[in-house]
Amino acid sequence: MGYSQKVIDHYENPQNVGSLDKADPMVGTGLVGAPACGDVMKLQLKINDDGIIEDAKFKTFGCGSAIASSSLVTTMVKGKSVVEAEQVSNAEIARELALPPVKIHCSVLAEDAIKAAIADYRQKRTEG
Amino acid sequence: MTTELKLPLYFDNNATTPCDPRVVDAMVPYLFEHYGNPASRAHAYGWVARDAVATARQQVASLIGAQPKEIVFTSGATESNNLALKGAARYLARKGKHIVTVSTEHKAILDSCHALEREGFEVTYLEVDSEGLISLDALRAAIRDDTTLVSVMFANNEIGVVQPIAEIGAICRENGVLFHCDGVQALAWMPIDVRAMKIDLLSMSAHKMYGPKGIGALFVRRGRPRVRVQPIIDGGGHERGMRSGTLPTHQIVGMGKAAELAAESIASGGVDKVRALRDRLWDGLRANLDELYINGSWEHRLPNNLNVSFAYVEGEAMMMGIKEIACSSGSACTSASLEPSYVLRALGVDVELAHTSIRFGLGRFNTEAEVDYAVELITRKVRFLREMSPLYEMVQEGIDLKSIQWTAH
């Protein structure tokens with residue numbers, strides 16, 4: 001697979017690998033993809049009372065571009081408001097990483113992961 | 001001393017093997033001074049080339065226990081497989097139009113069968129068990145009155161699983177049907193005797209046994225009853241009419257030399273050295289890592305092949321991590337179709353595990369130092385990628401991955 005240097009950099013030095021406490025009411029967890037499809041992303045966002053993303057962590061099972069897409073989105077959303085983070089699009093991720101056409105679905109998955117994490121956070125807030 | 005290793009290490013000998021230097025040395029004179037056409041009967045240039053082809057034909061025949069007249073040179077095993085299947089099926093079409101093969105065969109066999117199906121032939125695709133082996137009873141049951149040909153590969157190119165060839169040959173002979181065998185993967189590693197194994201047609205390739213690419217051969221048995229194939233390439237009637245086209249003398253000489261060296265290596269224990277390296281790799285990996293799964297039978301396997309699933313680590317990401325080792329993956333992400341390996345699926349390997357499979361093919365020129373380097377690197381990268389894998393984390397937490405409602409995409 002002919003990857004851009006950015007994909008290789010994120011793959012070799014992934015940013016924000018790890019987990020946050022999923023029981024924490026400030027933490028939203030998104031788990032998207034499926035093992036059978038060869039990609040699973042877990043993205044966790046720690047969101048403060050002002051709606052700002054204080055921390056982001058990921059774990060990904062998937063190819064190099066799936067790992068790079070997840071690593072990239074953690075760096076993109078940190079410090080952003082929830083509303084701003086929701087605006088991050090797969091096109092932006094794909095462009096930033098110069099993903100080859102067959103790997104566009106990895107950027108779609110990364111966008112889905114952000115949305116899923118925020119949805120989980122909002123659900124926790126309304127239930128709590 | 002890792003500094004002495006030439007990187008990337010070549011652990012992909014089931015894909016192709018490097019040319020042995022002795023093969024190259026044998027070939028070179030036929031590109032320079034001995035450039036005659038072996039079909040030129042009137043002058044010395046032609047005679048020299050013809051003699052070289054005759055010697056090579058003898059060397060190839062000797063490797064498989066055949067007679068030189070039974071060897072037809074082709075452009076490679078894909079052509080040999082096409083010629084064997086289409087050639088024999090079409091020649092025997094008046095007798096019957098049913099063929100039996102196996103779902104894990106190489107694409108050159110499966111796609112030739114699909115082409116024959118479009119011509120009105122019927123094909124039965126035998127299933128394999130979880131080890132990758134066919135059932136001899138299922139084979140017997142599949143053979144019908146109108147069956148003319150059975151095609152089963154000697155050893156699988158992905159998982160290295162070796163089928164019970166002599167037993168299959170016996171069943172075919174008893175039932176009066178031809179037995180074609182794609183022998184490519186086994187040539188350099190296992191003794192093959194076409195007489196004892198009752199093989200009627202055997203496909204061969206030079207570049208899987210330390211010869212050059214672009215040359216192969218088909219063994220077509222002679223004797224009663226003689227095996228006939230209809231040519232798929234028409235022309236000047238070379239190779240007793242079965243394969244027209246000027247013989248590439250240098251390629252044929254290379255294949256002959258490679259066959260001679262393969263026979264020597266099998267007879268002198270060279271293969272055991274490769275097996276020891278393969279076993280050293282596997283033993284090293286499983287001593288360091290848990291949740292590794294061998295794909296295909298361990299007992300009935302080529303001595304140089306290791307196909308293993310590294311659970312929770314996707315194959316392409318793994319290959320990026322171990323780019324200092326040239327190997328292959330059955331992961332969807334490494335294939336053009338984005339589908340995981342059909343061979344692993346045929347064995348019933350979970351699609352999740354198929355995405356994590358890596359094929360290592362050891363060879364004549366690998367060393368213990370290379371294997372030790374590979375064990376260390378693979379161990380480090382698998383640990384790194386598992387630390388990054390949400391699946392590994394969930395399993396550590398005691399979550400059953402099958403209980404999760406995954407969002408398919």
# chains A, B, ... in the order shown; residues from 1 in each chain; ligands from 1
call {"tool": "interface_residues", "arguments": {"of": "chain B", "to": "chain A", "cutoff": "10 Å", "atoms": "only C-alpha atoms", "output": "VMD selection string"}}
result
chain B and resid 312 to 321 331 to 340 350 to 356 385 to 393 401 to 402 404 to 409
call {"tool": "write_last_selection", "arguments": {"atoms": "N, CA and C atoms", "output": "compact mmCIF listing (two decimals), in the first residue's frame"}}
result
# COMPACT_ATOMS: atom_id res chain seq x y z
N TYR B 312 -6.23 -10.18 17.12
CA TYR B 312 -6.41 -8.77 17.54
C TYR B 312 -5.45 -7.79 16.87
N VAL B 313 -4.66 -8.28 15.89
CA VAL B 313 -3.75 -7.39 15.18
C VAL B 313 -4.03 -7.53 13.68
N GLU B 314 -4.54 -6.49 13.06
CA GLU B 314 -4.92 -6.55 11.65
C GLU B 314 -3.67 -6.75 10.77
N GLY B 315 -3.83 -7.60 9.75
CA GLY B 315 -2.67 -8.04 8.96
C GLY B 315 -1.89 -6.95 8.26
N GLU B 316 -2.59 -5.97 7.70
CA GLU B 316 -1.86 -4.94 6.98
C GLU B 316 -1.08 -4.04 7.94
N ALA B 317 -1.71 -3.73 9.07
CA ALA B 317 -1.01 -2.92 10.08
C ALA B 317 0.23 -3.68 10.56
N MET B 318 0.08 -4.97 10.69
CA MET B 318 1.21 -5.83 11.10
C MET B 318 2.33 -5.77 10.06
N MET B 319 1.96 -5.87 8.78
CA MET B 319 2.99 -5.85 7.74
C MET B 319 3.71 -4.51 7.69
N MET B 320 2.98 -3.41 7.99
CA MET B 320 3.64 -2.09 8.06
C MET B 320 4.63 -2.06 9.21
N GLY B 321 4.25 -2.75 10.29
CA GLY B 321 5.11 -2.76 11.48
C GLY B 321 6.36 -3.60 11.29
N SER B 331 -5.12 -10.74 4.99
CA SER B 331 -6.05 -9.68 5.36
C SER B 331 -6.69 -9.06 4.13
N ALA B 332 -7.94 -8.62 4.30
CA ALA B 332 -8.65 -7.99 3.19
C ALA B 332 -7.92 -6.74 2.73
N CYS B 333 -7.32 -6.03 3.69
CA CYS B 333 -6.72 -4.74 3.37
C CYS B 333 -5.52 -4.86 2.45
N THR B 334 -4.99 -6.08 2.30
CA THR B 334 -3.84 -6.24 1.42
C THR B 334 -4.27 -6.77 0.06
N SER B 335 -5.57 -7.06 -0.11
CA SER B 335 -6.01 -7.62 -1.38
C SER B 335 -6.77 -6.56 -2.17
N ALA B 336 -6.75 -6.70 -3.47
CA ALA B 336 -7.42 -5.74 -4.34
C ALA B 336 -8.94 -5.79 -4.12
N SER B 337 -9.45 -6.98 -3.76
CA SER B 337 -10.90 -7.16 -3.66
C SER B 337 -11.46 -6.69 -2.32
N LEU B 338 -10.59 -6.37 -1.36
CA LEU B 338 -10.99 -6.04 0.01
C LEU B 338 -11.73 -7.19 0.69
N GLU B 339 -11.54 -8.40 0.18
CA GLU B 339 -12.11 -9.59 0.82
C GLU B 339 -10.96 -10.37 1.44
N PRO B 340 -11.16 -10.92 2.65
CA PRO B 340 -10.08 -11.75 3.20
C PRO B 340 -9.94 -13.05 2.42
N ASP B 350 -12.47 -18.08 11.20
CA ASP B 350 -13.30 -16.89 11.47
C ASP B 350 -12.78 -15.73 10.64
N VAL B 351 -13.70 -14.96 10.09
CA VAL B 351 -13.26 -13.84 9.26
C VAL B 351 -12.40 -12.87 10.07
N GLU B 352 -12.69 -12.74 11.37
CA GLU B 352 -11.88 -11.87 12.24
C GLU B 352 -10.42 -12.34 12.25
N LEU B 353 -10.26 -13.66 12.37
CA LEU B 353 -8.90 -14.21 12.42
C LEU B 353 -8.24 -14.17 11.04
N ALA B 354 -9.05 -14.31 9.98
CA ALA B 354 -8.48 -14.24 8.63
C ALA B 354 -7.84 -12.88 8.39
N HIS B 355 -8.43 -11.83 8.98
CA HIS B 355 -7.87 -10.48 8.83
C HIS B 355 -6.51 -10.35 9.51
N THR B 356 -6.19 -11.27 10.39
CA THR B 356 -4.95 -11.14 11.17
C THR B 356 -3.88 -12.13 10.72
N LEU B 385 1.06 -3.34 18.81
CA LEU B 385 -0.25 -3.22 18.15
C LEU B 385 -1.38 -3.75 19.02
N ARG B 386 -1.07 -4.75 19.84
CA ARG B 386 -2.12 -5.24 20.76
C ARG B 386 -2.43 -4.20 21.83
N GLU B 387 -1.40 -3.47 22.27
CA GLU B 387 -1.62 -2.39 23.22
C GLU B 387 -2.57 -1.35 22.62
N MET B 388 -2.54 -1.24 21.31
CA MET B 388 -3.35 -0.26 20.60
C MET B 388 -4.70 -0.84 20.19
N SER B 389 -4.89 -2.16 20.40
CA SER B 389 -6.10 -2.82 19.88
C SER B 389 -7.23 -2.81 20.90
N PRO B 390 -8.39 -2.21 20.54
CA PRO B 390 -9.52 -2.23 21.47
C PRO B 390 -10.02 -3.65 21.70
N LEU B 391 -9.82 -4.52 20.73
CA LEU B 391 -10.30 -5.90 20.87
C LEU B 391 -9.49 -6.64 21.93
N TYR B 392 -8.17 -6.43 21.91
CA TYR B 392 -7.31 -7.09 22.88
C TYR B 392 -7.67 -6.61 24.29
N GLU B 393 -7.92 -5.30 24.39
CA GLU B 393 -8.30 -4.71 25.69
C GLU B 393 -9.61 -5.32 26.20
N LEU B 401 -16.18 -11.02 22.60
CA LEU B 401 -16.33 -10.17 21.42
C LEU B 401 -17.56 -10.55 20.59
N LYS B 402 -17.95 -11.82 20.70
CA LYS B 402 -19.11 -12.28 19.92
C LYS B 402 -20.43 -11.73 20.49
N ILE B 404 -20.94 -8.64 21.33
CA ILE B 404 -21.09 -7.22 21.00
C ILE B 404 -21.90 -7.07 19.71
N GLN B 405 -22.78 -6.07 19.69
CA GLN B 405 -23.51 -5.73 18.47
C GLN B 405 -22.63 -4.79 17.65
N TRP B 406 -21.87 -5.33 16.72
CA TRP B 406 -20.96 -4.48 15.94
C TRP B 406 -21.74 -3.77 14.84
N THR B 407 -21.26 -2.58 14.51
CA THR B 407 -21.88 -1.85 13.41
C THR B 407 -21.11 -2.18 12.13
N ALA B 408 -21.68 -3.06 11.32
CA ALA B 408 -21.00 -3.43 10.08
C ALA B 408 -20.96 -2.21 9.17
N HIS B 409 -19.88 -2.07 8.42
CA HIS B 409 -19.77 -0.92 7.52
C HIS B 409 -19.26 -1.36 6.17
call {"tool": "select_by_dssp", "arguments": {"residues": "range 132-313 of chain B", "states": "strand (DSSP E)", "output": "list in words"}}
result
Thr147, Thr148, Leu149, Val150, Ser151, Leu178, Phe179, His180, Cys181, Asp182, Leu201, Leu202, Ser203, Met204, Ser205, Gly216, Ala217, Leu218, Phe219, Val220, Leu292, Tyr293, Ile294, Asn305, Leu306, Asn307, Val308, Ser309 and Phe310 of chain B
call {"tool": "atom_distance", "arguments": {"atom1": "CA of Gln123 in chain A", "atom2": "CA of Met394 in chain B"}}
result
22.1 Å
call {"tool": "residues_around", "arguments": {"residues": "Arg122 in chain A", "least_positions_apart": "3", "cutoff": "10 Å", "atoms": "only C-alpha atoms", "output": "list in words"}}
result
Pro25, Met26, Val27, Gly28, Ala116, Ala117, Ile118, Ala119, Arg125, Thr126, Glu127 and Gly128 of chain A
call {"tool": "write_last_selection", "arguments": {"atoms": "all heavy atoms", "output": "PDB file, in the first residue's frame"}}
result
ATOM      1  N   PRO A  25     -18.620  10.271  34.152  1.00  0.00           N
ATOM      2  CA  PRO A  25     -19.710  10.969  33.448  1.00  0.00           C
ATOM      3  C   PRO A  25     -19.197  12.014  32.453  1.00  0.00           C
ATOM      4  O   PRO A  25     -19.920  12.403  31.549  1.00  0.00           O
ATOM      5  CB  PRO A  25     -20.501  11.631  34.579  1.00  0.00           C
ATOM      6  CG  PRO A  25     -19.632  11.587  35.774  1.00  0.00           C
ATOM      7  CD  PRO A  25     -18.675  10.452  35.620  1.00  0.00           C
ATOM      8  N   MET A  26     -17.940  12.442  32.600  1.00  0.00           N
ATOM      9  CA  MET A  26     -17.378  13.418  31.661  1.00  0.00           C
ATOM     10  C   MET A  26     -16.817  12.768  30.394  1.00  0.00           C
ATOM     11  O   MET A  26     -16.360  13.464  29.483  1.00  0.00           O
ATOM     12  CB  MET A  26     -16.257  14.213  32.345  1.00  0.00           C
ATOM     13  CG  MET A  26     -16.765  15.133  33.443  1.00  0.00           C
ATOM     14  SD  MET A  26     -15.373  15.898  34.310  1.00  0.00           S
ATOM     15  CE  MET A  26     -14.768  17.051  33.091  1.00  0.00           C
ATOM     16  N   VAL A  27     -16.803  11.437  30.372  1.00  0.00           N
ATOM     17  CA  VAL A  27     -16.163  10.725  29.260  1.00  0.00           C
ATOM     18  C   VAL A  27     -17.211  10.101  28.337  1.00  0.00           C
ATOM     19  O   VAL A  27     -18.088   9.371  28.794  1.00  0.00           O
ATOM     20  CB  VAL A  27     -15.205   9.627  29.788  1.00  0.00           C
ATOM     21  CG1 VAL A  27     -14.694   8.746  28.631  1.00  0.00           C
ATOM     22  CG2 VAL A  27     -14.032  10.261  30.522  1.00  0.00           C
ATOM     23  N   GLY A  28     -17.132  10.425  27.058  1.00  0.00           N
ATOM     24  CA  GLY A  28     -17.969   9.780  26.049  1.00  0.00           C
ATOM     25  C   GLY A  28     -17.139   8.763  25.289  1.00  0.00           C
ATOM     26  O   GLY A  28     -16.002   9.041  24.915  1.00  0.00           O
ATOM     27  N   ALA A 116     -20.077   9.101  17.550  1.00  0.00           N
ATOM     28  CA  ALA A 116     -20.533   8.102  18.520  1.00  0.00           C
ATOM     29  C   ALA A 116     -20.096   8.473  19.940  1.00  0.00           C
ATOM     30  O   ALA A 116     -20.855   8.301  20.905  1.00  0.00           O
ATOM     31  CB  ALA A 116     -19.999   6.718  18.136  1.00  0.00           C
ATOM     32  N   ALA A 117     -18.880   8.991  20.068  1.00  0.00           N
ATOM     33  CA  ALA A 117     -18.382   9.369  21.396  1.00  0.00           C
ATOM     34  C   ALA A 117     -19.193  10.533  21.956  1.00  0.00           C
ATOM     35  O   ALA A 117     -19.553  10.554  23.144  1.00  0.00           O
ATOM     36  CB  ALA A 117     -16.890   9.724  21.316  1.00  0.00           C
ATOM     37  N   ILE A 118     -19.489  11.500  21.109  1.00  0.00           N
ATOM     38  CA  ILE A 118     -20.277  12.662  21.557  1.00  0.00           C
ATOM     39  C   ILE A 118     -21.699  12.228  21.918  1.00  0.00           C
ATOM     40  O   ILE A 118     -22.265  12.665  22.935  1.00  0.00           O
ATOM     41  CB  ILE A 118     -20.271  13.771  20.473  1.00  0.00           C
ATOM     42  CG1 ILE A 118     -18.859  14.361  20.345  1.00  0.00           C
ATOM     43  CG2 ILE A 118     -21.287  14.876  20.810  1.00  0.00           C
ATOM     44  CD1 ILE A 118     -18.671  15.334  19.195  1.00  0.00           C
ATOM     45  N   ALA A 119     -22.276  11.337  21.110  1.00  0.00           N
ATOM     46  CA  ALA A 119     -23.630  10.842  21.396  1.00  0.00           C
ATOM     47  C   ALA A 119     -23.665  10.133  22.751  1.00  0.00           C
ATOM     48  O   ALA A 119     -24.600  10.307  23.537  1.00  0.00           O
ATOM     49  CB  ALA A 119     -24.083   9.904  20.284  1.00  0.00           C
ATOM     50  N   ARG A 125     -25.188  12.571  30.012  1.00  0.00           N
ATOM     51  CA  ARG A 125     -25.592  13.827  30.648  1.00  0.00           C
ATOM     52  C   ARG A 125     -27.107  13.869  30.862  1.00  0.00           C
ATOM     53  O   ARG A 125     -27.568  14.305  31.912  1.00  0.00           O
ATOM     54  CB  ARG A 125     -25.177  15.036  29.788  1.00  0.00           C
ATOM     55  CG  ARG A 125     -23.691  15.132  29.556  1.00  0.00           C
ATOM     56  CD  ARG A 125     -22.902  15.430  30.788  1.00  0.00           C
ATOM     57  NE  ARG A 125     -22.945  16.851  31.129  1.00  0.00           N
ATOM     58  CZ  ARG A 125     -22.101  17.438  31.971  1.00  0.00           C
ATOM     59  NH1 ARG A 125     -21.167  16.729  32.576  1.00  0.00           N
ATOM     60  NH2 ARG A 125     -22.190  18.728  32.213  1.00  0.00           N
ATOM     61  N   THR A 126     -27.850  13.398  29.866  1.00  0.00           N
ATOM     62  CA  THR A 126     -29.314  13.465  30.010  1.00  0.00           C
ATOM     63  C   THR A 126     -29.795  12.440  31.034  1.00  0.00           C
ATOM     64  O   THR A 126     -30.703  12.714  31.802  1.00  0.00           O
ATOM     65  CB  THR A 126     -30.042  13.230  28.667  1.00  0.00           C
ATOM     66  OG1 THR A 126     -29.529  12.048  28.097  1.00  0.00           O
ATOM     67  CG2 THR A 126     -29.838  14.384  27.721  1.00  0.00           C
ATOM     68  N   GLU A 127     -29.122  11.268  31.051  1.00  0.00           N
ATOM     69  CA  GLU A 127     -29.520  10.244  32.018  1.00  0.00           C
ATOM     70  C   GLU A 127     -29.095  10.638  33.420  1.00  0.00           C
ATOM     71  O   GLU A 127     -29.804  10.370  34.384  1.00  0.00           O
ATOM     72  CB  GLU A 127     -28.910   8.893  31.670  1.00  0.00           C
ATOM     73  CG  GLU A 127     -29.655   8.208  30.537  1.00  0.00           C
ATOM     74  CD  GLU A 127     -28.925   6.998  30.029  1.00  0.00           C
ATOM     75  OE1 GLU A 127     -27.858   6.661  30.572  1.00  0.00           O
ATOM     76  OE2 GLU A 127     -29.423   6.380  29.073  1.00  0.00           O
ATOM     77  N   GLY A 128     -27.872  11.242  33.527  1.00  0.00           N
ATOM     78  CA  GLY A 128     -27.339  11.631  34.824  1.00  0.00           C
ATOM     79  C   GLY A 128     -28.066  12.855  35.273  1.00  0.00           C
ATOM     80  O   GLY A 128     -28.325  13.146  36.388  1.00  0.00           O
TER      81      GLY A 128
END
call {"tool": "residues_around", "arguments": {"residues": "Lys198 in chain B", "least_positions_apart": "3", "cutoff": "9 Å", "atoms": "only C-alpha atoms", "output": "list in words"}}
result
Ile165, Ala166, Glu167, Ile168, Gly169, Ala170, Cys172, Arg173, Phe179, Asp193, Val194 and Arg195 of chain B
call {"tool": "write_last_selection", "arguments": {"atoms": "C-alpha atoms", "output": "tab-separated table (two decimals), in the first residue's frame"}}
result
chain	number	residue	atom	x	y	z
B	165	ILE	CA	-1.74	-37.14	-3.55
B	166	ALA	CA	-0.95	-40.87	-3.92
B	167	GLU	CA	-4.37	-41.81	-2.52
B	168	ILE	CA	-6.10	-39.34	-4.84
B	169	GLY	CA	-4.11	-40.72	-7.80
B	170	ALA	CA	-5.16	-44.27	-6.92
B	172	CYS	CA	-8.66	-41.54	-10.09
B	173	ARG	CA	-6.90	-44.48	-11.79
B	179	PHE	CA	-5.63	-36.80	-12.42
B	193	ASP	CA	7.06	-39.41	-8.27
B	194	VAL	CA	4.41	-39.15	-10.96
B	195	ARG	CA	4.44	-42.92	-11.57
call {"tool": "closest_residue", "arguments": {"among": "A:Asp21, A:Asp50, A:Asp112, A:Asp55", "to": "Ser70 in chain A", "atoms": "only C-alpha atoms"}}
result
A:Asp112
call {"tool": "closest_residue", "arguments": {"among": "B:Met255, B:Ile171, B:Ser135, B:Ala42", "to": "Lys208 in chain B", "atoms": "only C-alpha atoms"}}
result
B:Met255
call {"tool": "select_by_dssp", "arguments": {"residues": "range 60-99 of chain A", "states": "alpha helix (DSSP H)", "output": "ChimeraX atom specification"}}
result
/A:64-77,82-86,90-97
call {"tool": "residues_around", "arguments": {"residues": "range 294-306 of chain B", "least_positions_apart": "4", "cutoff": "10 Å", "atoms": "only C-alpha atoms", "output": "JSON, numbers by chain"}}
result
{"B": [11, 12, 13, 14, 129, 130, 131, 132, 133, 154, 155, 156, 157, 158, 159, 160, 161, 162, 163, 164, 185, 186, 188, 189, 190, 271, 272, 273, 274, 275, 276, 277, 278, 279, 281, 282, 310, 343, 344, 347, 349, 353, 354, 357, 358, 359, 360, 361, 362, 363, 364]}
call {"tool": "residues_around", "arguments": {"residues": "Ile93 in chain A", "least_positions_apart": "3", "cutoff": "7 Å", "atoms": "only C-alpha atoms", "output": "PDB file with all heavy atoms, in the first residue's frame"}}
result
ATOM      1  N   SER A  69      -5.887   7.482  10.945  1.00  0.00           N
ATOM      2  CA  SER A  69      -7.092   8.322  10.995  1.00  0.00           C
ATOM      3  C   SER A  69      -7.512   8.548  12.438  1.00  0.00           C
ATOM      4  O   SER A  69      -7.885   9.661  12.826  1.00  0.00           O
ATOM      5  CB  SER A  69      -8.249   7.657  10.228  1.00  0.00           C
ATOM      6  OG  SER A  69      -7.922   7.527   8.866  1.00  0.00           O
ATOM      7  N   SER A  89     -15.065  16.439   9.371  1.00  0.00           N
ATOM      8  CA  SER A  89     -15.636  15.553   8.347  1.00  0.00           C
ATOM      9  C   SER A  89     -14.599  14.532   7.871  1.00  0.00           C
ATOM     10  O   SER A  89     -13.389  14.745   8.001  1.00  0.00           O
ATOM     11  CB  SER A  89     -16.115  16.370   7.157  1.00  0.00           C
ATOM     12  OG  SER A  89     -14.986  16.825   6.431  1.00  0.00           O
ATOM     13  N   ASN A  90     -15.117  13.458   7.304  1.00  0.00           N
ATOM     14  CA  ASN A  90     -14.219  12.432   6.784  1.00  0.00           C
ATOM     15  C   ASN A  90     -13.356  12.997   5.654  1.00  0.00           C
ATOM     16  O   ASN A  90     -12.195  12.623   5.495  1.00  0.00           O
ATOM     17  CB  ASN A  90     -14.998  11.199   6.335  1.00  0.00           C
ATOM     18  CG  ASN A  90     -15.650  11.367   4.985  1.00  0.00           C
ATOM     19  OD1 ASN A  90     -16.616  12.120   4.849  1.00  0.00           O
ATOM     20  ND2 ASN A  90     -15.106  10.700   3.981  1.00  0.00           N
ATOM     21  N   GLU A  96      -6.163  15.430   4.809  1.00  0.00           N
ATOM     22  CA  GLU A  96      -4.995  15.657   5.665  1.00  0.00           C
ATOM     23  C   GLU A  96      -3.998  14.500   5.556  1.00  0.00           C
ATOM     24  O   GLU A  96      -2.797  14.700   5.537  1.00  0.00           O
ATOM     25  CB  GLU A  96      -5.466  15.836   7.121  1.00  0.00           C
ATOM     26  CG  GLU A  96      -4.381  15.989   8.156  1.00  0.00           C
ATOM     27  CD  GLU A  96      -3.586  17.281   8.013  1.00  0.00           C
ATOM     28  OE1 GLU A  96      -4.095  18.241   7.395  1.00  0.00           O
ATOM     29  OE2 GLU A  96      -2.430  17.313   8.519  1.00  0.00           O
ATOM     30  N   LEU A  97      -4.534  13.268   5.462  1.00  0.00           N
ATOM     31  CA  LEU A  97      -3.659  12.094   5.429  1.00  0.00           C
ATOM     32  C   LEU A  97      -3.349  11.647   3.994  1.00  0.00           C
ATOM     33  O   LEU A  97      -2.578  10.697   3.798  1.00  0.00           O
ATOM     34  CB  LEU A  97      -4.300  10.923   6.187  1.00  0.00           C
ATOM     35  CG  LEU A  97      -4.446  11.105   7.703  1.00  0.00           C
ATOM     36  CD1 LEU A  97      -5.254   9.953   8.297  1.00  0.00           C
ATOM     37  CD2 LEU A  97      -3.084  11.202   8.389  1.00  0.00           C
ATOM     38  N   SER A 107     -11.445   6.923   6.995  1.00  0.00           N
ATOM     39  CA  SER A 107     -11.729   8.288   7.464  1.00  0.00           C
ATOM     40  C   SER A 107     -13.208   8.415   7.832  1.00  0.00           C
ATOM     41  O   SER A 107     -13.553   9.150   8.764  1.00  0.00           O
ATOM     42  CB  SER A 107     -11.341   9.312   6.392  1.00  0.00           C
ATOM     43  OG  SER A 107     -12.102   9.130   5.212  1.00  0.00           O
TER      44      SER A 107
END
call {"tool": "residues_around", "arguments": {"residues": "range 76-87 of chain A", "least_positions_apart": "4", "cutoff": "6 Å", "atoms": "only C-alpha atoms", "output": "PyMOL selection string"}}
result
chain A and resi 51-55
call {"tool": "write_last_selection", "arguments": {"atoms": "N, CA and C atoms", "output": "PDB file, in the first residue's frame"}}
result
ATOM      1  N   GLY A  51     -18.158  22.322  27.814  1.00  0.00           N
ATOM      2  CA  GLY A  51     -18.336  21.674  26.511  1.00  0.00           C
ATOM      3  C   GLY A  51     -17.060  21.622  25.689  1.00  0.00           C
ATOM      4  N   ILE A  52     -15.924  21.752  26.366  1.00  0.00           N
ATOM      5  CA  ILE A  52     -14.634  21.704  25.669  1.00  0.00           C
ATOM      6  C   ILE A  52     -14.008  20.310  25.854  1.00  0.00           C
ATOM      7  N   ILE A  53     -13.445  19.774  24.769  1.00  0.00           N
ATOM      8  CA  ILE A  53     -12.805  18.450  24.833  1.00  0.00           C
ATOM      9  C   ILE A  53     -11.415  18.617  25.447  1.00  0.00           C
ATOM     10  N   GLU A  54     -11.295  18.131  26.681  1.00  0.00           N
ATOM     11  CA  GLU A  54     -10.034  18.274  27.418  1.00  0.00           C
ATOM     12  C   GLU A  54      -9.037  17.201  27.041  1.00  0.00           C
ATOM     13  N   ASP A  55      -9.551  16.037  26.754  1.00  0.00           N
ATOM     14  CA  ASP A  55      -8.639  14.924  26.457  1.00  0.00           C
ATOM     15  C   ASP A  55      -9.307  13.975  25.458  1.00  0.00           C
TER      16      ASP A  55
END
